[in-house]
Structure formats: structure tokens, C-alpha cells
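Chemist: I am sharing run03.tsv, which consists of TSV, C-alpha atoms:
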chain	number	residue	atom	x	y	z
A	1	MET	CA	78.00	-90.24	-46.95
A	2	THR	CA	80.03	-90.93	-43.82
A	3	THR	CA	78.56	-91.84	-40.49
A	4	THR	CA	80.18	-90.72	-37.26
A	5	LYS	CA	79.96	-93.37	-34.57
A	6	THR	CA	79.08	-92.13	-31.11
A	7	THR	CA	80.99	-93.88	-28.36
A	8	ILE	CA	80.10	-93.99	-24.71
A	9	ASP	CA	82.99	-94.48	-22.34
A	10	LEU	CA	82.68	-94.98	-18.60
A	11	ARG	CA	85.31	-93.98	-16.09
A	12	PRO	CA	85.44	-93.55	-12.33
A	13	LEU	CA	83.70	-90.44	-11.02
A	14	LEU	CA	86.32	-88.47	-9.09
A	15	ALA	CA	86.20	-85.60	-6.61
A	16	LYS	CA	87.76	-83.37	-9.30
A	17	ASP	CA	84.59	-83.98	-11.39
A	18	ALA	CA	82.45	-82.08	-8.86
A	19	GLU	CA	81.91	-79.03	-11.07
A	20	VAL	CA	80.94	-80.97	-14.21
A	21	ALA	CA	78.79	-83.34	-12.11
A	22	ALA	CA	76.91	-80.32	-10.77
A	23	GLU	CA	76.45	-79.00	-14.33
A	24	ILE	CA	75.02	-82.34	-15.50
A	25	PHE	CA	72.70	-82.39	-12.46
A	26	ILE	CA	71.44	-78.84	-13.11
A	27	ASP	CA	70.87	-79.56	-16.82
A	28	ALA	CA	69.05	-82.82	-16.07
A	29	VAL	CA	66.83	-81.29	-13.38
A	30	MET	CA	66.06	-77.94	-15.00
A	31	ASN	CA	65.66	-79.19	-18.57
A	32	GLY	CA	65.22	-82.96	-18.48
A	33	THR	CA	62.36	-83.01	-15.97
A	34	ALA	CA	60.38	-80.03	-17.31
A	35	ASN	CA	57.50	-82.26	-18.46
A	36	HIS	CA	57.17	-83.79	-14.99
A	37	TYR	CA	57.83	-81.01	-12.47
A	38	SER	CA	56.84	-77.35	-12.33
A	39	GLU	CA	59.45	-74.62	-12.58
A	40	GLU	CA	59.06	-73.99	-8.85
A	41	GLU	CA	59.68	-77.67	-8.09
A	42	ARG	CA	62.71	-77.82	-10.40
A	43	ARG	CA	64.23	-74.66	-8.90
A	44	ALA	CA	63.76	-76.04	-5.38
A	45	TRP	CA	65.36	-79.34	-6.41
A	46	ALA	CA	68.29	-77.75	-8.24
A	47	GLY	CA	68.96	-75.11	-5.60
A	48	PRO	CA	70.31	-71.62	-6.00
A	49	ARG	CA	73.83	-72.49	-7.12
A	50	PRO	CA	75.88	-75.70	-7.00
A	51	ASP	CA	78.31	-75.88	-4.10
A	52	PRO	CA	81.50	-77.62	-5.34
A	53	GLU	CA	82.49	-78.69	-1.81
A	54	ARG	CA	79.13	-80.36	-1.25
A	55	TRP	CA	79.46	-82.16	-4.58
A	56	ARG	CA	83.01	-83.30	-3.77
A	57	ASP	CA	81.79	-84.70	-0.44
A	58	ARG	CA	78.83	-86.47	-2.04
A	59	ILE	CA	80.96	-87.98	-4.80
A	60	GLY	CA	83.63	-89.01	-2.29
A	61	GLY	CA	81.12	-90.96	-0.21
A	62	SER	CA	80.13	-93.26	-3.04
A	63	VAL	CA	81.30	-95.45	-5.88
A	64	GLY	CA	80.55	-93.50	-9.01
A	65	LEU	CA	80.89	-93.56	-12.75
A	66	MET	CA	81.04	-90.74	-15.27
A	67	ALA	CA	79.80	-91.40	-18.81
A	68	GLU	CA	81.48	-89.57	-21.66
A	69	ARG	CA	80.17	-89.43	-25.21
A	70	ASN	CA	82.98	-88.76	-27.65
A	71	GLY	CA	85.06	-87.45	-24.73
A	72	VAL	CA	82.40	-85.09	-23.35
A	73	PRO	CA	80.86	-85.83	-19.90
A	74	VAL	CA	77.13	-86.49	-20.35
A	75	GLY	CA	76.02	-88.56	-17.37
A	76	LEU	CA	76.85	-89.90	-13.95
A	77	MET	CA	75.60	-92.47	-11.51
A	78	THR	CA	76.68	-93.28	-7.97
A	79	LEU	CA	76.25	-96.25	-5.68
A	80	VAL	CA	76.23	-95.81	-1.93
A	81	ALA	CA	77.38	-99.07	-0.39
A	82	PRO	CA	76.15	-101.60	-0.54
A	83	ASP	CA	73.05	-101.26	-2.68
A	84	HIS	CA	71.59	-97.76	-3.07
A	85	ILE	CA	71.81	-95.71	-6.27
A	86	ASP	CA	72.15	-92.15	-5.02
A	87	LEU	CA	72.79	-89.93	-8.05
A	88	ALA	CA	71.61	-90.85	-11.55
A	89	PHE	CA	71.63	-87.99	-14.03
A	90	VAL	CA	72.06	-87.76	-17.80
A	91	ARG	CA	72.09	-84.59	-19.85
A	92	PRO	CA	68.82	-84.25	-21.82
A	93	SER	CA	70.88	-84.05	-25.03
A	94	ALA	CA	72.14	-87.59	-24.31
A	95	ALA	CA	68.84	-89.08	-23.12
A	96	GLY	CA	67.83	-92.22	-24.98
A	97	SER	CA	71.33	-92.84	-26.33
A	98	GLY	CA	72.27	-95.68	-23.97
A	99	VAL	CA	74.19	-93.57	-21.45
A	100	GLY	CA	71.91	-94.36	-18.50
A	101	THR	CA	71.79	-98.05	-19.39
A	102	ALA	CA	75.58	-98.30	-19.60
A	103	LEU	CA	75.94	-96.59	-16.22
A	104	LEU	CA	73.28	-98.76	-14.56
A	105	GLU	CA	74.64	-102.02	-15.97
A	106	SER	CA	78.15	-101.22	-14.75
A	107	LEU	CA	77.01	-100.17	-11.27
A	108	THR	CA	74.85	-103.30	-11.07
A	109	MET	CA	77.95	-105.43	-11.68
A	110	ILE	CA	79.84	-103.50	-9.01
A	111	ALA	CA	76.98	-103.95	-6.52
A	112	ARG	CA	76.76	-107.70	-7.25
A	113	ALA	CA	80.53	-108.09	-6.85
A	114	SER	CA	80.21	-106.38	-3.46
A	115	GLY	CA	77.59	-108.90	-2.35
A	116	ALA	CA	74.43	-106.82	-2.83
A	117	THR	CA	71.24	-108.82	-3.35
A	118	LYS	CA	69.13	-105.84	-4.44
A	119	LEU	CA	69.40	-102.27	-5.69
A	120	THR	CA	67.30	-99.41	-4.38
A	121	ALA	CA	66.86	-95.86	-5.63
A	122	ASP	CA	64.75	-92.78	-4.97
A	123	VAL	CA	63.56	-92.00	-8.48
A	124	SER	CA	61.99	-88.90	-10.03
A	125	LYS	CA	58.83	-88.98	-12.13
A	126	ALA	CA	61.00	-88.40	-15.20
A	127	ALA	CA	63.37	-91.30	-14.41
A	128	ARG	CA	60.72	-93.83	-13.35
A	129	PRO	CA	60.14	-95.29	-16.87
A	130	PHE	CA	63.90	-95.81	-17.33
A	131	PHE	CA	64.21	-97.66	-14.04
A	132	GLU	CA	61.09	-99.74	-14.75
A	133	ARG	CA	62.52	-100.77	-18.14
A	134	ASN	CA	65.60	-101.92	-16.24
A	135	GLY	CA	63.77	-104.21	-13.83
A	136	PHE	CA	62.98	-101.87	-10.92
A	137	GLU	CA	59.56	-101.85	-9.27
A	138	VAL	CA	57.93	-99.08	-7.27
A	139	VAL	CA	57.94	-99.83	-3.55
A	140	ARG	CA	56.09	-96.64	-2.67
A	141	GLU	CA	55.43	-93.07	-3.74
A	142	GLN	CA	56.86	-90.44	-1.43
A	143	SER	CA	56.89	-86.69	-0.97
A	144	VAL	CA	60.24	-85.10	-0.22
A	145	VAL	CA	60.44	-81.48	0.91
A	146	CYS	CA	63.28	-79.60	-0.73
A	147	ARG	CA	63.83	-75.93	0.11
A	148	GLY	CA	60.26	-75.72	1.35
A	149	VAL	CA	58.71	-77.29	-1.76
A	150	ALA	CA	57.22	-80.81	-1.77
A	151	LEU	CA	58.48	-83.01	-4.61
A	152	MET	CA	56.93	-86.35	-5.44
A	153	ASN	CA	59.17	-89.28	-6.31
A	154	TYR	CA	59.33	-93.05	-5.94
A	155	VAL	CA	61.25	-95.50	-3.81
A	156	MET	CA	62.16	-98.27	-6.23
A	157	ARG	CA	63.81	-101.65	-5.82
A	158	LYS	CA	65.31	-104.34	-8.05
A	159	PRO	CA	66.37	-107.80	-6.88
A	160	LEU	CA	69.79	-108.90	-8.10
Take the structure in the file and write it out as C-alpha cells.

Modeler:
Amino acid sequence: MTTTKTTIDLRPLLAKDAEVAAEIFIDAVMNGTANHYSEEERRAWAGPRPDPERWRDRIGGSVGLMAERNGVPVGLMTLVAPDHIDLAFVRPSAAGSGVGTALLESLTMIARASGATKLTADVSKAARPFFERNGFEVVREQSVVCRGVALMNYVMRKPL
């Protein structure tokens, strides 16, 4: 019996990745958070259809990494200078495989090298356990209105 090794590679997230970044986001929100948010909440969060220009702008305003598993994009994470994690999404099919940890560890090193003394993030109910396992603490619960629907999430912080 042969075993196929799964490799996770990280590379810079580029403006040309906007379409695949949007696909990962939609998959993570619509499928990965289904146990934590209602369908109405997930639809409001995901929006009607990804706008590639908006994604290019958002990616361009941050330092980001794309995670690929065996050459296929499965996750992304961005850091808005100097210390805020803005986007953090992993396809549900890759959840629990180390993708999020690899992304977070690399962005943490980038933040430290830039002089950050903490990391902050606005974290969904689904992502909260991941961030807690990685040293983040809840600062406060908050309600964010998205397309007229209130979504609960957490402001989290980790000292570096």
C-alpha cells in the first residue's frame, strides 16, 4: 500500500488571485460555517456574487498568503499593516489539515518582523476555536450588520 503525502505550500497572495480567493471565501462561508450561522446569515455575509474588482482592491491593500495543497489553492490569510488579520478562510475540505495554522504562523512572523507587538482579528463563531488554540483571546463579542442582517462575531487579540 502506498501513501500519498499531502503538501501545503504558501505563496504570496496576488491581485490575480482575486477570483480563486472569492471562491475560497464563498465555500468557507456558505459551507464551512453552516453549523454556526443560519442560511440567511451566511447569504448576507457571502453576498449575491463576488466582485473581482473589490477582491483585487482588498488583496492589494494587505500582505497576504495563499495556501495550496498539492498545487490546489485551499486557503488564504491577509494582514493589514501593522497587526490586523483581515481575511482568514480555508476551504471546508481542507479544514483541520494544518492549512490555517501554516498561514497564521507565517503571517505572525511577518507581523513580528514589521514590529507588531500584537495581532487582532474579527473572528466568526466557526473560526473562534482555531484562533483560541493559537493563543488569541476574545476582547469582546460584537454584532456586525451585513446586507441588513446582524451577524455575531468576536474581536480577538494575541500578544506577540

Chemist: Got a sec: who's within 10 Å of Ala95 (chain A), counting all atoms listed in the file, leaving out chain neighbours fewer than 6 positions off, as a VMD selection string?

Modeler: chain A and resid 28 32 74 to 75 89

Chemist: Store the residues of this selection in a file with C-alpha atoms, as a short mmCIF file (atom, residue, chain, number, x, y, z; two decimals), keeping the file's coordinate frame.

Modeler:
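part-v8.cif, written as the output of this step:
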data_model
loop_
_atom_site.label_atom_id
_atom_site.label_comp_id
_atom_site.auth_asym_id
_atom_site.auth_seq_id
_atom_site.Cartn_x
_atom_site.Cartn_y
_atom_site.Cartn_z
CA ALA A 28 69.05 -82.82 -16.07
CA GLY A 32 65.22 -82.96 -18.48
CA VAL A 74 77.13 -86.49 -20.35
CA GLY A 75 76.02 -88.56 -17.37
CA PHE A 89 71.63 -87.99 -14.03
#

Chemist: At a cut-off of 12 Å, using all atoms listed in the file, what residues contact Val20 (chain A)? Leave out same-chain residues fewer than 3 positions from it and give the result as a list of chain:residue names.

Modeler: A:Leu13, A:Leu14, A:Ala15, A:Lys16, A:Asp17, A:Glu23, A:Ile24, A:Phe25, A:Ile26, A:Asp27, A:Pro50, A:Asp51, A:Pro52, A:Trp55, A:Arg56, A:Ile59, A:Met66, A:Ala67, A:Glu68, A:Val72, A:Pro73, A:Val74, A:Gly75, A:Leu76, A:Phe89, A:Val90, A:Arg91

Chemist: Kindly export the residues of the current selection with C-alpha atoms, as a PDB file, in the coordinates of the input.

Modeler:
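As written to disk, again_19.pdb reads:
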ATOM      1  CA  LEU A  13      83.700 -90.440 -11.020  1.00  0.00           C
ATOM      2  CA  LEU A  14      86.320 -88.470  -9.090  1.00  0.00           C
ATOM      3  CA  ALA A  15      86.200 -85.600  -6.610  1.00  0.00           C
ATOM      4  CA  LYS A  16      87.760 -83.370  -9.300  1.00  0.00           C
ATOM      5  CA  ASP A  17      84.590 -83.980 -11.390  1.00  0.00           C
ATOM      6  CA  GLU A  23      76.450 -79.000 -14.330  1.00  0.00           C
ATOM      7  CA  ILE A  24      75.020 -82.340 -15.500  1.00  0.00           C
ATOM      8  CA  PHE A  25      72.700 -82.390 -12.460  1.00  0.00           C
ATOM      9  CA  ILE A  26      71.440 -78.840 -13.110  1.00  0.00           C
ATOM     10  CA  ASP A  27      70.870 -79.560 -16.820  1.00  0.00           C
ATOM     11  CA  PRO A  50      75.880 -75.700  -7.000  1.00  0.00           C
ATOM     12  CA  ASP A  51      78.310 -75.880  -4.100  1.00  0.00           C
ATOM     13  CA  PRO A  52      81.500 -77.620  -5.340  1.00  0.00           C
ATOM     14  CA  TRP A  55      79.460 -82.160  -4.580  1.00  0.00           C
ATOM     15  CA  ARG A  56      83.010 -83.300  -3.770  1.00  0.00           C
ATOM     16  CA  ILE A  59      80.960 -87.980  -4.800  1.00  0.00           C
ATOM     17  CA  MET A  66      81.040 -90.740 -15.270  1.00  0.00           C
ATOM     18  CA  ALA A  67      79.800 -91.400 -18.810  1.00  0.00           C
ATOM     19  CA  GLU A  68      81.480 -89.570 -21.660  1.00  0.00           C
ATOM     20  CA  VAL A  72      82.400 -85.090 -23.350  1.00  0.00           C
ATOM     21  CA  PRO A  73      80.860 -85.830 -19.900  1.00  0.00           C
ATOM     22  CA  VAL A  74      77.130 -86.490 -20.350  1.00  0.00           C
ATOM     23  CA  GLY A  75      76.020 -88.560 -17.370  1.00  0.00           C
ATOM     24  CA  LEU A  76      76.850 -89.900 -13.950  1.00  0.00           C
ATOM     25  CA  PHE A  89      71.630 -87.990 -14.030  1.00  0.00           C
ATOM     26  CA  VAL A  90      72.060 -87.760 -17.800  1.00  0.00           C
ATOM     27  CA  ARG A  91      72.090 -84.590 -19.850  1.00  0.00           C
TER      28      ARG A  91
END

Chemist: Could you jot down the CA of Ala111 (chain A) to CA of Arg157 (chain A) separation for me, Å, one decimal place?

Modeler: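 Result for CA of Ala111 (chain A) versus CA of Arg157 (chain A): 13.4 Å, one decimal.
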
Chemist: Measure the distance from CA of Lys118 (chain A) to CA of Glu141 (chain A) in Å and round it to one decimal.

Modeler: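 Separation of CA of Lys118 (chain A) and CA of Glu141 (chain A): 18.7 Å.
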
Chemist: (59.4, -77.1, 0.5) in this file's frame - what residues fall within 12 Å of it? Use only C-alpha atoms and give the answer as a PyMOL selection string.

Modeler: chain A and resi 40-45+47+143-152
